[in-house]
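Okay, final04.txt is below, compact mmCIF, C-alpha atoms:
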```
# COMPACT_ATOMS: atom_id res chain seq x y z
CA MET S 1 217.78 -78.41 54.72
CA ASN S 2 215.01 -75.99 55.44
CA PRO S 3 216.68 -72.85 56.89
CA ASP S 4 213.50 -71.46 58.46
CA GLN S 5 213.33 -74.56 60.66
CA ALA S 6 217.02 -74.47 61.60
CA LEU S 7 217.70 -70.73 61.87
CA PRO S 8 215.70 -68.20 63.82
CA GLY S 9 214.70 -65.13 61.88
CA PHE S 10 214.14 -66.85 58.51
CA ARG S 11 210.60 -66.51 57.20
CA LEU S 12 209.61 -68.52 54.13
CA VAL S 13 208.00 -66.26 51.54
CA GLY S 14 207.67 -68.92 48.84
CA ALA S 15 209.36 -71.75 47.01
CA GLY S 16 209.55 -73.36 43.59
CA THR S 17 206.17 -74.27 42.18
CA THR S 18 204.25 -73.26 45.33
CA PHE S 19 205.32 -69.64 44.90
CA GLN S 20 204.50 -67.36 42.03
CA SER S 21 207.19 -68.74 39.76
CA ARG S 22 207.21 -65.50 37.77
CA ASP S 23 208.21 -63.63 40.95
CA ILE S 24 211.22 -65.88 41.57
CA CYS S 25 212.15 -65.76 37.88
CA ASP S 26 212.11 -61.97 37.92
CA MET S 27 214.30 -61.96 41.05
CA VAL S 28 216.80 -64.40 39.46
CA SER S 29 216.94 -62.42 36.22
CA GLU S 30 217.92 -59.28 38.14
CA SER S 31 220.91 -60.96 39.79
CA GLN S 32 224.46 -60.35 38.69
CA LEU S 33 225.20 -64.09 38.57
CA PHE S 34 222.24 -65.24 36.49
CA ALA S 35 221.11 -62.14 34.55
CA ASP S 36 222.31 -63.48 31.20
CA LEU S 37 220.73 -66.94 31.50
CA ASP S 38 218.08 -67.80 28.93
CA TRP S 39 214.56 -67.36 30.30
CA LYS S 40 213.88 -71.12 30.07
CA ASP S 41 216.95 -71.75 32.26
CA ILE S 42 215.84 -69.08 34.73
CA GLU S 43 212.44 -70.80 34.95
CA ALA S 44 214.12 -74.17 35.47
CA LEU S 45 216.40 -72.78 38.21
CA ALA S 46 213.49 -71.01 39.95
CA ALA S 47 211.81 -74.37 40.60
CA TYR S 48 214.72 -75.30 42.89
CA LEU S 49 214.84 -72.07 44.91
CA GLN S 50 213.17 -70.92 48.11
CA CYS S 51 212.52 -67.27 48.93
CA TYR S 52 213.07 -66.07 52.50
CA GLU S 53 212.83 -62.80 54.35
CA VAL S 54 215.21 -62.10 57.23
CA SER S 55 215.06 -59.22 59.68
CA ALA S 56 217.94 -56.87 60.38
CA GLY S 57 220.35 -58.48 62.82
CA THR S 58 219.58 -62.05 61.69
CA THR S 59 222.60 -64.31 61.34
CA ILE S 60 222.23 -65.94 57.94
CA PHE S 61 225.16 -68.26 58.54
CA ARG S 62 228.01 -68.44 61.01
CA GLU S 63 231.74 -68.91 60.45
CA GLY S 64 232.81 -72.49 61.17
CA GLU S 65 229.35 -74.03 60.71
CA ALA S 66 228.62 -76.59 58.04
CA GLY S 67 227.16 -74.89 54.99
CA SER S 68 224.21 -76.34 53.14
CA TYR S 69 222.94 -73.46 51.03
CA MET S 70 223.95 -70.40 49.06
CA GLY S 71 221.92 -67.23 48.83
CA LEU S 72 221.10 -64.69 46.20
CA LEU S 73 220.38 -61.33 47.80
CA VAL S 74 217.27 -59.91 46.17
CA LYS S 75 216.63 -56.99 48.52
CA GLY S 76 218.47 -55.46 51.44
CA GLU S 77 222.05 -55.67 52.58
CA VAL S 78 224.17 -58.12 54.53
CA GLY S 79 227.58 -57.86 56.14
CA ILE S 80 230.27 -60.50 55.86
CA LEU S 81 232.34 -60.80 59.03
CA LYS S 82 235.56 -62.68 59.68
CA THR S 83 236.85 -63.46 63.14
CA ASP S 84 240.50 -62.66 63.93
CA LEU S 85 242.84 -64.77 66.05
CA ASP S 86 241.61 -63.02 69.21
CA GLY S 87 238.01 -63.95 68.42
CA THR S 88 236.96 -60.44 67.42
CA PRO S 89 234.66 -60.25 64.39
CA HIS S 90 235.53 -57.71 61.67
CA ARG S 91 233.28 -56.66 58.81
CA ILE S 92 235.17 -57.39 55.63
CA VAL S 93 232.51 -56.44 53.09
CA SER S 94 228.91 -55.37 52.69
CA VAL S 95 226.86 -57.19 50.08
CA GLY S 96 223.82 -55.73 48.38
CA HIS S 97 221.10 -56.44 45.84
CA GLY S 98 221.89 -58.96 43.12
CA LYS S 99 224.95 -60.49 44.78
CA THR S 100 225.48 -64.04 46.05
CA ILE S 101 226.57 -65.26 49.47
CA GLY S 102 227.70 -68.62 50.79
CA GLU S 103 228.28 -70.18 47.39
CA MET S 104 231.53 -71.94 48.35
CA SER S 105 229.75 -74.33 50.71
CA ILE S 106 227.56 -75.94 48.04
CA ILE S 107 230.64 -76.49 45.88
CA ASP S 108 233.31 -77.69 48.31
CA GLY S 109 231.30 -78.95 51.29
CA GLU S 110 233.64 -77.17 53.71
CA LYS S 111 232.58 -75.18 56.76
CA ARG S 112 231.62 -71.55 56.39
CA SER S 113 234.65 -69.28 56.07
CA ALA S 114 232.85 -66.21 57.45
CA THR S 115 229.69 -65.06 59.18
CA CYS S 116 226.88 -63.38 57.26
CA LEU S 117 224.64 -60.97 59.17
CA ALA S 118 221.64 -59.08 57.77
CA SER S 119 222.33 -55.34 58.08
CA GLN S 120 218.70 -54.58 57.23
CA THR S 121 215.56 -56.53 56.44
CA SER S 122 216.51 -58.58 53.40
CA ILE S 123 215.03 -61.03 50.92
CA LEU S 124 217.10 -64.00 49.82
CA LEU S 125 216.64 -66.75 47.27
CA LEU S 126 218.30 -69.89 48.62
CA LEU S 127 219.68 -72.79 46.66
CA THR S 128 220.36 -75.70 48.98
CA LYS S 129 223.14 -78.18 48.42
CA ASP S 130 220.48 -80.92 48.08
CA ASN S 131 218.64 -78.95 45.40
CA TYR S 132 221.88 -78.28 43.53
CA GLN S 133 222.51 -82.05 43.58
CA ARG S 134 218.99 -82.51 42.15
CA ILE S 135 219.81 -80.03 39.38
CA ILE S 136 222.96 -82.04 38.57
CA ARG S 137 220.86 -85.20 38.20
CA GLU S 138 217.79 -83.70 36.53
CA LYS S 139 219.20 -80.80 34.48
CA PRO S 140 222.93 -81.37 33.98
CA THR S 141 223.32 -78.61 31.39
CA LEU S 142 221.88 -76.08 33.84
CA ALA S 143 224.13 -77.46 36.60
CA VAL S 144 227.20 -76.87 34.42
CA GLN S 145 226.07 -73.30 33.70
CA ILE S 146 225.63 -72.63 37.42
CA LEU S 147 228.99 -74.18 38.27
CA ALA S 148 230.75 -72.20 35.53
CA ARG S 149 229.25 -68.95 36.82
CA LEU S 150 230.20 -69.78 40.41
CA ALA S 151 233.75 -70.69 39.35
CA LYS S 152 234.08 -67.38 37.50
CA LEU S 153 232.70 -65.47 40.49
CA MET S 154 235.09 -67.16 42.91
CA SER S 155 238.01 -66.60 40.52
CA GLN S 156 237.19 -62.88 40.30
CA ARG S 157 236.99 -62.65 44.08
CA LEU S 158 240.32 -64.47 44.49
CA ARG S 159 242.00 -62.14 41.99
CA SER S 160 240.61 -59.13 43.86
CA VAL S 161 241.84 -60.39 47.22
CA SER S 162 245.24 -61.29 45.75
CA GLY S 163 245.53 -57.75 44.45
CA GLN S 164 244.64 -56.33 47.86
CA LEU S 165 247.15 -58.60 49.62
CA VAL S 166 249.99 -57.30 47.46
CA GLU S 167 249.45 -53.88 49.04
CA PHE S 168 250.31 -55.39 52.44
CA LEU S 169 253.56 -57.07 51.35
```

Translate this structure into structure tokens?
Amino acid sequence: MNPDQALPGFRLVGAGTTFQSRDICDMVSESQLFADLDWKDIEALAAYLQCYEVSAGTTIFREGEAGSYMGLLVKGEVGILKTDLDGTPHRIVSVGHGKTIGEMSIIDGEKRSATCLASQTSILLLLTKDNYQRIIREKPTLAVQILARLAKLMSQRLRSVSGQLVEFL
């Protein structure tokens, strides 16, 4: 999937080998999820990423839609919104530089669990589900490292939410 063709407001800045690979590598190395990867693994991952700019107010993905990519927020801020039973959206968290969004969809193939809206002009590195499948085939060791990091991230988020839910019981 090419998000700039499917979603208004996405502007391709560069991708893989057609972009200054050093730029993408630097962006990946500054992320919370991939900061401790070896440089050779960062370079390998960068070849599978696309860099996009989105304007403030752009919907990056919408709750209930099929998800085909995850994003690494390089610059800017996005809000994650969840719709209640009455159909009213509520901001549940703001996400900033170095954080990931939408990672569950490339793992489980389920529909988006929330909406992601750019709060300000932002730059995202996207890893599509198709490109993650390519990494699995072409660089299985890197794929395992990515999956392990995503599993740890989702586990940490689940623990945090579980802790917050206890306060409401």

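With all atoms listed in the file as the atoms that count, the residue of S:Gly14, S:Gly109, S:Pro89, S:Gly9 with the shortest distance to S:Asp130 is S:Gly109.
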
Just to confirm, what's the straight-line distance from atom CA of S:Ile42 to atom CA of S:Cys25 in Å (one decimal)? 5.9 Å

Identify which of the residues S:Glu53, S:Glu138, S:Glu103, S:Glu167 lies closest to S:Lys152, counting only C-alpha atoms when measuring atom-to-atom distances.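 Nearest candidate to S:Lys152 out of S:Glu53, S:Glu138, S:Glu103, S:Glu167: S:Glu103.
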
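For the pair atom CA of S:Ala114 and atom CA of S:Arg62, the separation is 6.4 Å.
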
Kindly indicate which residue among S:Ile106, S:Leu33, S:Leu147, S:Leu81 lies nearest to S:Asn131, using all atoms listed in the file for the distances.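 Counting all atoms listed in the file, the residue closest to S:Asn131 is S:Ile106.
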
With a distance cut-off of 12 Å and only C-alpha atoms, select the neighbouring residues of S:Arg134, excluding the residue or stretch itself and same-chain residues fewer than 4 positions from it, and output the selection as number ranges by chain. S: 44-45, 47-49, 127-130, 138-140, 142-143

The residues within 7 Å of (217.3, -66.6, 61.9), using all atoms listed in the file and the coordinates of the file, should be reported as a ChimeraX atom specification; which are they? /S:7-10,54,58-60

Emit the selected residues as a tab-separated table (two decimals), keeping the file's coordinate frame, including C-alpha atoms.
```tsv
chain	number	residue	atom	x	y	z
S	7	LEU	CA	217.70	-70.73	61.87
S	8	PRO	CA	215.70	-68.20	63.82
S	9	GLY	CA	214.70	-65.13	61.88
S	10	PHE	CA	214.14	-66.85	58.51
S	54	VAL	CA	215.21	-62.10	57.23
S	58	THR	CA	219.58	-62.05	61.69
S	59	THR	CA	222.60	-64.31	61.34
S	60	ILE	CA	222.23	-65.94	57.94
```

For S:Ala118, find every residue with an atom within 9 Å (counting only C-alpha atoms), except residues of its own chain fewer than 3 positions away, and show them as a list in words. Val54, Ser55, Ala56, Gly57, Thr58, Thr59, Ile60, Gly76, Glu77, Val78, Gly79, Ile80, Thr121 and Ser122 of chain S

Can you list, as a ChimeraX atom specification, every protein, DNA or RNA residue that comes within 6 Å of S:Cys51 when you count only C-alpha atoms, leaving out same-chain residues fewer than 4 positions away? /S:13-15,124-125

Surrounding residues of S:Leu37 excluding itself and chain neighbours under 6 positions, 10 Å, all atoms listed in the file, as a ChimeraX atom specification: /S:28-29,43,45,142,145-146

Contact residues around S:Ser113 with all atoms listed in the file at 8 Å, ignoring same-chain residues under 5 positions, as a PyMOL selection string: chain S and resi 63-64+82

Quote the spacing between atom CA of S:Tyr132 and atom CA of S:Gln120 in Å to one decimal place.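 Between these atoms lies a distance of 27.6 Å.
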
Of the candidates S:Ser68, S:Leu12, S:Ala46, S:Val161, which shows the shortest atom-to-atom distance to S:Arg112, using only C-alpha atoms?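 Closest residue, counting only C-alpha atoms: S:Ser68.
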
Using all atoms listed in the file: which of S:Cys116, S:Gly87, S:Asp108, S:Ile92 has the shortest distance to S:Leu150: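 So, comparing all the options, the nearest one is S:Asp108.
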
Of S:Ala66, S:Val93, S:Ile24, S:Ala151, the one sitting nearest S:Ile107 when using only C-alpha atoms is S:Ala151
